[in-house]
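Structure file query_39.cif (mmCIF, C-alpha atoms) follows.
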data_my_file
#
loop_
_atom_site.group_PDB
_atom_site.id
_atom_site.type_symbol
_atom_site.label_atom_id
_atom_site.label_comp_id
_atom_site.auth_asym_id
_atom_site.auth_seq_id
_atom_site.Cartn_x
_atom_site.Cartn_y
_atom_site.Cartn_z
ATOM 1 C CA MET A 177 -4.056 -37.879 -0.136
ATOM 2 C CA ARG A 178 -3.201 -36.743 3.338
ATOM 3 C CA SER A 179 -5.562 -37.113 6.275
ATOM 4 C CA PRO A 180 -7.371 -34.088 7.723
ATOM 5 C CA GLU A 181 -5.262 -34.444 10.869
ATOM 6 C CA GLU A 182 -2.012 -34.301 8.856
ATOM 7 C CA ILE A 183 -3.178 -31.218 6.944
ATOM 8 C CA THR A 184 -4.347 -29.523 10.140
ATOM 9 C CA GLN A 185 -1.029 -30.241 11.857
ATOM 10 C CA LEU A 186 0.976 -29.036 8.840
ATOM 11 C CA THR A 187 -0.973 -25.828 8.338
ATOM 12 C CA ARG A 188 -1.071 -25.084 12.058
ATOM 13 C CA GLY A 189 2.727 -25.373 12.038
ATOM 14 C CA LEU A 190 2.904 -22.955 9.094
ATOM 15 C CA VAL A 191 0.739 -20.466 10.978
ATOM 16 C CA GLN A 192 2.999 -20.770 14.019
ATOM 17 C CA GLY A 193 6.152 -20.375 11.901
ATOM 18 C CA CYS A 194 7.551 -23.825 12.669
ATOM 19 C CA ASP A 195 10.663 -24.458 10.553
ATOM 20 C CA ALA A 196 10.121 -28.219 10.471
ATOM 21 C CA ASP A 197 6.626 -27.749 9.061
ATOM 22 C CA PHE A 198 7.927 -25.360 6.409
ATOM 23 C CA VAL A 199 10.464 -28.003 5.379
ATOM 24 C CA ARG A 200 7.695 -30.603 5.271
ATOM 25 C CA PHE A 201 5.480 -28.216 3.296
ATOM 26 C CA HIS A 202 8.323 -27.718 0.823
ATOM 27 C CA ASP A 203 8.864 -31.467 0.508
ATOM 28 C CA LEU A 204 5.161 -32.081 -0.099
ATOM 29 C CA TYR A 205 4.258 -29.205 -2.420
ATOM 30 C CA TYR A 206 7.374 -27.883 -4.173
ATOM 31 C CA ASP A 207 7.222 -30.108 -7.268
ATOM 32 C CA ARG A 208 3.460 -29.834 -7.580
ATOM 33 C CA LEU A 209 3.477 -26.023 -7.284
ATOM 34 C CA ARG A 210 6.392 -25.734 -9.702
ATOM 35 C CA ARG A 211 4.584 -27.858 -12.325
ATOM 36 C CA TYR A 212 1.421 -25.824 -11.782
ATOM 37 C CA LEU A 213 3.247 -22.521 -12.342
ATOM 38 C CA TRP A 214 5.190 -23.899 -15.302
ATOM 39 C CA ALA A 215 1.913 -24.869 -16.986
ATOM 40 C CA PHE A 216 0.921 -21.207 -16.990
ATOM 41 C CA SER A 217 4.233 -19.493 -17.719
ATOM 42 C CA HIS A 218 6.451 -21.892 -19.745
ATOM 43 C CA ASP A 219 9.322 -19.743 -18.477
ATOM 44 C CA SER A 220 11.753 -21.251 -15.956
ATOM 45 C CA GLU A 221 12.911 -17.935 -14.520
ATOM 46 C CA LEU A 222 9.386 -16.593 -14.104
ATOM 47 C CA THR A 223 8.256 -19.934 -12.649
ATOM 48 C CA ASN A 224 11.052 -19.857 -10.056
ATOM 49 C CA GLU A 225 10.339 -16.237 -9.106
ATOM 50 C CA ALA A 226 6.613 -16.945 -8.806
ATOM 51 C CA LEU A 227 7.306 -20.042 -6.716
ATOM 52 C CA GLN A 228 9.483 -18.033 -4.354
ATOM 53 C CA GLU A 229 6.797 -15.340 -4.114
ATOM 54 C CA THR A 230 4.191 -18.053 -3.487
ATOM 55 C CA TYR A 231 6.259 -19.356 -0.581
ATOM 56 C CA LEU A 232 6.610 -15.847 0.863
ATOM 57 C CA ARG A 233 2.915 -15.139 0.586
ATOM 58 C CA THR A 234 2.071 -18.543 2.035
ATOM 59 C CA ALA A 235 4.302 -17.852 5.033
ATOM 60 C CA ARG A 236 2.790 -14.389 5.521
ATOM 61 C CA LYS A 237 -0.841 -15.417 5.110
ATOM 62 C CA ALA A 238 -0.778 -18.976 6.437
ATOM 63 C CA ARG A 239 -3.967 -20.287 7.937
ATOM 64 C CA VAL A 240 -5.196 -23.625 9.239
ATOM 65 C CA PHE A 241 -6.875 -26.061 6.822
ATOM 66 C CA ARG A 242 -8.383 -29.460 7.497
ATOM 67 C CA ASP A 243 -8.884 -30.480 3.890
ATOM 68 C CA GLU A 244 -6.002 -30.949 1.461
ATOM 69 C CA ALA A 245 -8.160 -29.936 -1.516
ATOM 70 C CA ALA A 246 -8.984 -26.613 0.158
ATOM 71 C CA LEU A 247 -5.292 -26.090 0.961
ATOM 72 C CA TRP A 248 -4.328 -26.848 -2.643
ATOM 73 C CA ASN A 249 -6.966 -24.482 -4.034
ATOM 74 C CA TRP A 250 -5.699 -21.736 -1.714
ATOM 75 C CA LEU A 251 -2.090 -22.393 -2.787
ATOM 76 C CA CYS A 252 -3.104 -22.306 -6.469
ATOM 77 C CA ALA A 253 -4.808 -18.946 -6.012
ATOM 78 C CA ILE A 254 -1.694 -17.556 -4.308
ATOM 79 C CA ALA A 255 0.547 -18.988 -7.046
ATOM 80 C CA ARG A 256 -1.602 -17.609 -9.897
ATOM 81 C CA ASN A 257 -1.685 -14.172 -8.291
ATOM 82 C CA ALA A 258 2.075 -14.216 -7.707
ATOM 83 C CA LEU A 259 2.674 -15.226 -11.323
ATOM 84 C CA ARG A 260 0.295 -12.562 -12.612
ATOM 85 C CA ASP A 261 1.903 -9.857 -10.459
ATOM 86 C CA LEU A 262 5.421 -10.795 -11.566
ATOM 87 C CA ALA A 263 4.406 -10.946 -15.231
ATOM 88 C CA ARG A 264 2.817 -7.507 -14.888
ATOM 89 C CA LYS A 265 5.994 -6.119 -13.270
ATOM 90 C CA ARG A 266 8.099 -7.568 -16.067
ATOM 91 C CA GLN A 267 5.832 -5.992 -18.672
ATOM 92 C CA CYS A 268 6.023 -2.600 -16.952
ATOM 93 C CA TYR A 269 9.814 -2.903 -16.897
ATOM 94 C CA ARG A 270 9.896 -3.837 -20.606
ATOM 95 C CA ASN A 271 7.618 -0.921 -21.462
ATOM 96 C CA ALA A 272 9.839 1.474 -19.518
ATOM 97 C CA LEU A 273 12.934 0.147 -21.288
ATOM 98 C CA GLU A 274 11.215 0.500 -24.636
ATOM 99 C CA ARG A 275 10.185 4.098 -23.902
ATOM 100 C CA PHE A 276 13.701 4.877 -22.695
ATOM 101 C CA SER A 277 15.169 3.358 -25.849
ATOM 102 C CA GLN A 278 12.786 5.305 -28.108
ATOM 103 C CA GLU A 279 13.389 8.576 -26.276
ATOM 104 C CA SER A 280 17.154 8.192 -26.391
ATOM 105 C CA GLN A 281 17.042 7.357 -30.114
ATOM 106 C CA GLU A 282 14.770 10.288 -30.897
ATOM 107 C CA GLY A 283 16.951 12.660 -28.917
ATOM 108 C CA ALA A 284 14.075 13.560 -26.621
ATOM 109 C CA PRO A 285 14.989 14.615 -23.111
ATOM 110 C CA LEU A 286 15.126 11.661 -20.747
ATOM 111 C CA THR A 287 13.731 13.677 -17.857
ATOM 112 C CA PRO A 288 10.431 15.506 -17.990
ATOM 113 C CA ALA A 289 10.457 19.244 -18.492
ATOM 114 C CA PRO A 290 10.207 21.255 -15.247
ATOM 115 C CA ASP A 291 6.731 22.518 -16.112
ATOM 116 C CA SER A 292 5.590 18.942 -16.829
ATOM 117 C CA ARG A 293 7.003 17.714 -13.511
ATOM 118 C CA GLN A 294 5.341 20.593 -11.678
ATOM 119 C CA ARG A 295 2.027 19.839 -13.403
ATOM 120 C CA ASP A 296 2.327 16.163 -12.391
ATOM 121 C CA GLU A 297 3.064 17.119 -8.784
ATOM 122 C CA GLU A 298 0.099 19.491 -8.717
ATOM 123 C CA GLN A 299 -2.166 16.803 -10.134
ATOM 124 C CA LEU A 300 -0.903 14.273 -7.573
ATOM 125 C CA HIS A 301 -1.483 16.756 -4.749
ATOM 126 C CA ALA A 302 -5.011 17.462 -6.010
ATOM 127 C CA GLN A 303 -5.838 13.744 -6.246
ATOM 128 C CA LEU A 304 -4.386 13.082 -2.793
ATOM 129 C CA GLN A 305 -6.735 15.719 -1.386
ATOM 130 C CA ARG A 306 -9.658 13.763 -2.854
ATOM 131 C CA LEU A 307 -8.725 10.636 -0.877
ATOM 132 C CA PRO A 308 -10.361 9.893 2.462
ATOM 133 C CA PRO A 309 -8.180 11.182 5.342
ATOM 134 C CA LEU A 310 -6.958 7.731 6.448
ATOM 135 C CA GLY A 311 -6.053 6.757 2.885
ATOM 136 C CA ARG A 312 -4.215 10.024 2.322
ATOM 137 C CA GLN A 313 -2.406 9.621 5.648
ATOM 138 C CA VAL A 314 -0.992 6.157 4.836
ATOM 139 C CA ILE A 315 -0.103 7.086 1.240
ATOM 140 C CA GLU A 316 1.760 10.198 2.365
ATOM 141 C CA ALA A 317 3.532 8.304 5.154
ATOM 142 C CA LYS A 318 4.584 5.447 2.876
ATOM 143 C CA TYR A 319 5.502 7.260 -0.334
ATOM 144 C CA LEU A 320 6.213 10.863 0.578
ATOM 145 C CA SER A 321 7.855 10.246 3.963
ATOM 146 C CA ASN A 322 9.362 6.851 2.984
ATOM 147 C CA ARG A 323 8.181 5.184 6.184
ATOM 148 C CA THR A 324 7.884 1.414 6.542
ATOM 149 C CA VAL A 325 4.560 -0.352 6.953
ATOM 150 C CA ARG A 326 5.649 -1.400 10.452
ATOM 151 C CA ASP A 327 6.470 2.198 11.401
ATOM 152 C CA ILE A 328 3.129 3.430 10.062
ATOM 153 C CA ALA A 329 1.296 0.680 11.957
ATOM 154 C CA LEU A 330 3.028 1.603 15.199
ATOM 155 C CA SER A 331 2.284 5.305 14.829
ATOM 156 C CA LEU A 332 -1.388 4.705 13.966
ATOM 157 C CA GLU A 333 -1.712 1.943 16.578
ATOM 158 C CA ILE A 334 -3.135 -0.524 14.058
ATOM 159 C CA SER A 335 -1.848 -3.808 12.642
ATOM 160 C CA GLU A 336 0.522 -4.000 9.692
ATOM 161 C CA LYS A 337 -2.184 -5.858 7.766
ATOM 162 C CA ALA A 338 -4.547 -2.940 8.352
ATOM 163 C CA VAL A 339 -1.932 -0.537 6.988
ATOM 164 C CA GLU A 340 -1.370 -2.750 3.926
ATOM 165 C CA SER A 341 -5.109 -2.938 3.385
ATOM 166 C CA ARG A 342 -5.490 0.849 3.647
ATOM 167 C CA LEU A 343 -2.556 1.350 1.275
ATOM 168 C CA SER A 344 -4.089 -1.037 -1.227
ATOM 169 C CA ARG A 345 -7.481 0.685 -1.114
ATOM 170 C CA ALA A 346 -5.900 4.145 -1.323
ATOM 171 C CA ARG A 347 -3.721 3.160 -4.307
ATOM 172 C CA GLN A 348 -6.754 1.701 -6.067
ATOM 173 C CA ARG A 349 -8.708 4.900 -5.396
ATOM 174 C CA LEU A 350 -5.820 7.007 -6.731
ATOM 175 C CA ARG A 351 -5.678 4.880 -9.905
ATOM 176 C CA THR A 352 -9.394 5.415 -10.390
ATOM 177 C CA LEU A 353 -9.077 9.165 -9.836
ATOM 178 C CA PHE A 354 -6.181 9.440 -12.290
ATOM 179 C CA ARG A 355 -8.047 7.427 -14.923
ATOM 180 C CA GLN A 356 -11.039 9.731 -14.547
ATOM 181 C CA THR A 357 -8.736 12.743 -14.932
ATOM 182 C CA ASP A 358 -7.028 11.214 -17.985
ATOM 183 C CA HIS A 359 -10.362 10.612 -19.697
ATOM 184 C CA ALA A 360 -11.636 14.075 -18.792
ATOM 185 C CA GLU A 361 -8.658 15.934 -20.321
ATOM 186 C CA PRO A 362 -8.924 16.787 -24.055
#

Produce structure tokens that represent the structure in this file.
Amino acid sequence: MRSPEEITQLTRGLVQGCDADFVRFHDLYYDRLRRYLWAFSHDSELTNEALQETYLRTARKARVFRDEAALWNWLCAIARNALRDLARKRQCYRNALERFSQESQEGAPLTPAPDSRQRDEEQLHAQLQRLPPLGRQVIEAKYLSNRTVRDIALSLEISEKAVESRLSRARQRLRTLFRQTDHAEP
């Protein structure tokens, strides 16, 4: 168990982006985090990807802790979320491959019909109009104009975190709107 001073110094270094503290963090927590992730996934590749994502998220969201138990709990939450997100991405990829395989075997067209694509675009446009103006603005900038989060933040004169937060809320709202539409259609 490390002293509160050691944990404070380590996490303060992480917040400040100190390379030496990242190396020390790695030395102290790599094996423990890897075992933790392995216990959930039992998949070496997924464990390694989740560990890398955990490190990235830790670097991005670092904050100062005094208590090692609190630091460990925070790291575990980041690791679980990273693992869950990666597993979800893998499942989406598998589902897409499966649909592609089925469509190609059945001889179905691999691209949607023009009228289907147009209907999807119209539905997207209608749902975008139902978003609050700030949510619509960041969604359109990010996905329709292909702008980076940094570029959006600079143009709106807000932080990158604020842009990411608005994007997250807007995407969640869009998902909800599309689900409501899906359930409403016969």

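All residues of protein, DNA or RNA that reach within 9 Å of Trp214 of chain A, judged by only C-alpha atoms and not counting those fewer than 6 positions away in the chain, are Ser220, Leu222, Thr223 and Asn224 of chain A.
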
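Matched in the shown structure by the PyMOL selection byres ((chain A and resi 180-185) around 8): Arg178, Ser179, Leu186, Thr187, Arg188, Gly189, Val240, Phe241, Arg242, Asp243 and Glu244 of chain A.
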
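Distances here use all atoms listed in the file; by that measure, the residue among A:Asn271, A:Thr234, A:Gln299, A:Ser341 closest to Ala253 of chain A is A:Thr234.
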
Edge lengths and centre in Å to one decimal, as lines of an AutoDock Vina configuration file, is what I'm after for the box along x, y and z that holds all listed atoms of segment 223-231 of chain A once 5 Å is added on each side.
center_x = 7.6
center_y = -17.7
center_z = -6.6
size_x = 16.9
size_y = 14.7
size_z = 22.1

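Near segment 308-312 of chain A, within 10 Å and counting only C-alpha atoms, sit Lys318, Leu332, Val339, Ser341, Arg342, Leu343, Ser344, Arg345, Ala346, Arg347, Arg349 and Leu350 of chain A, not including residues fewer than 6 positions from it in the same chain.
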
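If you apply the PyMOL selection byres ((chain A and resi 256) around 12) to this structure, you end up with A:Leu209, A:Arg210, A:Tyr212, A:Leu213, A:Trp214, A:Ala215, A:Phe216, A:Ser217, A:Leu222, A:Thr223, A:Ala226, A:Leu227, A:Glu229, A:Thr230, A:Arg233, A:Asn249, A:Trp250, A:Leu251, A:Cys252, A:Ala253, A:Ile254, A:Ala255, A:Asn257, A:Ala258, A:Leu259, A:Arg260, A:Asp261, A:Leu262, A:Ala263.
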
Can you work out which one of A:Arg275, A:Ala238, A:Phe354, A:Ile334 has the shortest atom-to-atom distance to Asp197 of chain A, counting all atoms listed in the file? A:Ala238

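Between atom CA of Ile328 of chain A and atom CA of Arg236 of chain A the interatomic distance comes to 18.4 Å.
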
Atom CA of Lys237 of chain A to atom CA of Glu333 of chain A, distance in Å rounded to a single decimal: 20.8 Å

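Checking A:Val314, A:Gln303, A:Val191, A:Trp248 one by one against Arg208 of chain A, counting only C-alpha atoms, you find the shortest gap at A:Trp248.
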
Could you please determine the separation between atom CA of Gln305 of chain A and atom CA of Leu353 of chain A in Å, to one decimal place? 10.9 Å

Written as a list in words, which residues does the PyMOL selection byres ((chain A and resi 201) around 10) give for the file shown? Ile183, Leu186, Thr187, Gly189, Leu190, Asp195, Ala196, Asp197, Phe198, Val199, Arg200, His202, Asp203, Leu204, Tyr205, Tyr206 and Tyr231 of chain A

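For the set A:Met177, A:Thr352, A:Gln294, A:Glu340, the residue with the smallest atom-to-atom gap to Arg306 of chain A is A:Thr352, counting all atoms listed in the file.
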
Would you mind putting N, CA, C and O atoms back on segment 340-361 of chain A and writing the result as a CSV table (one decimal), keeping the file's coordinate frame?
chain,number,residue,atom,x,y,z
A,340,GLU,N,-1.5,-2.2,5.3
A,340,GLU,CA,-1.4,-2.8,3.9
A,340,GLU,C,-2.7,-2.7,3.2
A,340,GLU,O,-2.8,-2.3,2.0
A,341,SER,N,-3.8,-3.0,4.0
A,341,SER,CA,-5.1,-2.9,3.4
A,341,SER,C,-5.5,-1.5,3.0
A,341,SER,O,-6.0,-1.2,1.9
A,342,ARG,N,-5.2,-0.6,3.9
A,342,ARG,CA,-5.5,0.8,3.6
A,342,ARG,C,-4.7,1.4,2.5
A,342,ARG,O,-5.2,2.1,1.6
A,343,LEU,N,-3.4,1.0,2.4
A,343,LEU,CA,-2.6,1.4,1.3
A,343,LEU,C,-3.1,0.8,0.0
A,343,LEU,O,-3.2,1.5,-1.0
A,344,SER,N,-3.5,-0.4,0.0
A,344,SER,CA,-4.1,-1.0,-1.2
A,344,SER,C,-5.3,-0.3,-1.7
A,344,SER,O,-5.5,0.0,-2.9
A,345,ARG,N,-6.2,0.0,-0.8
A,345,ARG,CA,-7.5,0.7,-1.1
A,345,ARG,C,-7.2,2.1,-1.6
A,345,ARG,O,-7.8,2.6,-2.6
A,346,ALA,N,-6.2,2.8,-0.9
A,346,ALA,CA,-5.9,4.1,-1.3
A,346,ALA,C,-5.2,4.2,-2.7
A,346,ALA,O,-5.5,5.1,-3.5
A,347,ARG,N,-4.3,3.2,-3.0
A,347,ARG,CA,-3.7,3.2,-4.3
A,347,ARG,C,-4.8,2.9,-5.4
A,347,ARG,O,-4.7,3.5,-6.5
A,348,GLN,N,-5.7,2.0,-5.1
A,348,GLN,CA,-6.8,1.7,-6.1
A,348,GLN,C,-7.6,2.9,-6.3
A,348,GLN,O,-7.9,3.3,-7.4
A,349,ARG,N,-7.9,3.7,-5.3
A,349,ARG,CA,-8.7,4.9,-5.4
A,349,ARG,C,-7.9,5.9,-6.2
A,349,ARG,O,-8.5,6.6,-7.1
A,350,LEU,N,-6.6,6.1,-6.0
A,350,LEU,CA,-5.8,7.0,-6.7
A,350,LEU,C,-5.8,6.6,-8.2
A,350,LEU,O,-5.9,7.5,-9.1
A,351,ARG,N,-5.7,5.3,-8.5
A,351,ARG,CA,-5.7,4.9,-9.9
A,351,ARG,C,-7.0,5.3,-10.6
A,351,ARG,O,-7.0,5.8,-11.7
A,352,THR,N,-8.1,5.1,-9.8
A,352,THR,CA,-9.4,5.4,-10.4
A,352,THR,C,-9.5,6.9,-10.6
A,352,THR,O,-10.0,7.4,-11.7
A,353,LEU,N,-9.0,7.7,-9.7
A,353,LEU,CA,-9.1,9.2,-9.8
A,353,LEU,C,-8.2,9.6,-11.0
A,353,LEU,O,-8.6,10.5,-11.8
A,354,PHE,N,-7.0,9.0,-11.2
A,354,PHE,CA,-6.2,9.4,-12.3
A,354,PHE,C,-6.8,9.0,-13.6
A,354,PHE,O,-6.7,9.8,-14.6
A,355,ARG,N,-7.4,7.8,-13.7
A,355,ARG,CA,-8.0,7.4,-14.9
A,355,ARG,C,-9.2,8.4,-15.3
A,355,ARG,O,-9.4,8.7,-16.5
A,356,GLN,N,-9.9,8.8,-14.3
A,356,GLN,CA,-11.0,9.7,-14.5
A,356,GLN,C,-10.5,11.0,-15.1
A,356,GLN,O,-11.0,11.6,-16.0
A,357,THR,N,-9.4,11.5,-14.5
A,357,THR,CA,-8.7,12.7,-14.9
A,357,THR,C,-8.2,12.6,-16.3
A,357,THR,O,-8.4,13.5,-17.2
A,358,ASP,N,-7.6,11.4,-16.6
A,358,ASP,CA,-7.0,11.2,-18.0
A,358,ASP,C,-8.1,11.2,-19.0
A,358,ASP,O,-7.9,11.8,-20.1
A,359,HIS,N,-9.3,10.6,-18.7
A,359,HIS,CA,-10.4,10.6,-19.7
A,359,HIS,C,-11.1,12.0,-19.8
A,359,HIS,O,-11.6,12.3,-20.8
A,360,ALA,N,-11.0,12.8,-18.8
A,360,ALA,CA,-11.6,14.1,-18.8
A,360,ALA,C,-10.8,15.1,-19.6
A,360,ALA,O,-11.4,16.1,-20.1
A,361,GLU,N,-9.5,14.9,-19.6
A,361,GLU,CA,-8.7,15.9,-20.3
A,361,GLU,C,-8.8,15.8,-21.8
A,361,GLU,O,-8.9,14.6,-22.3
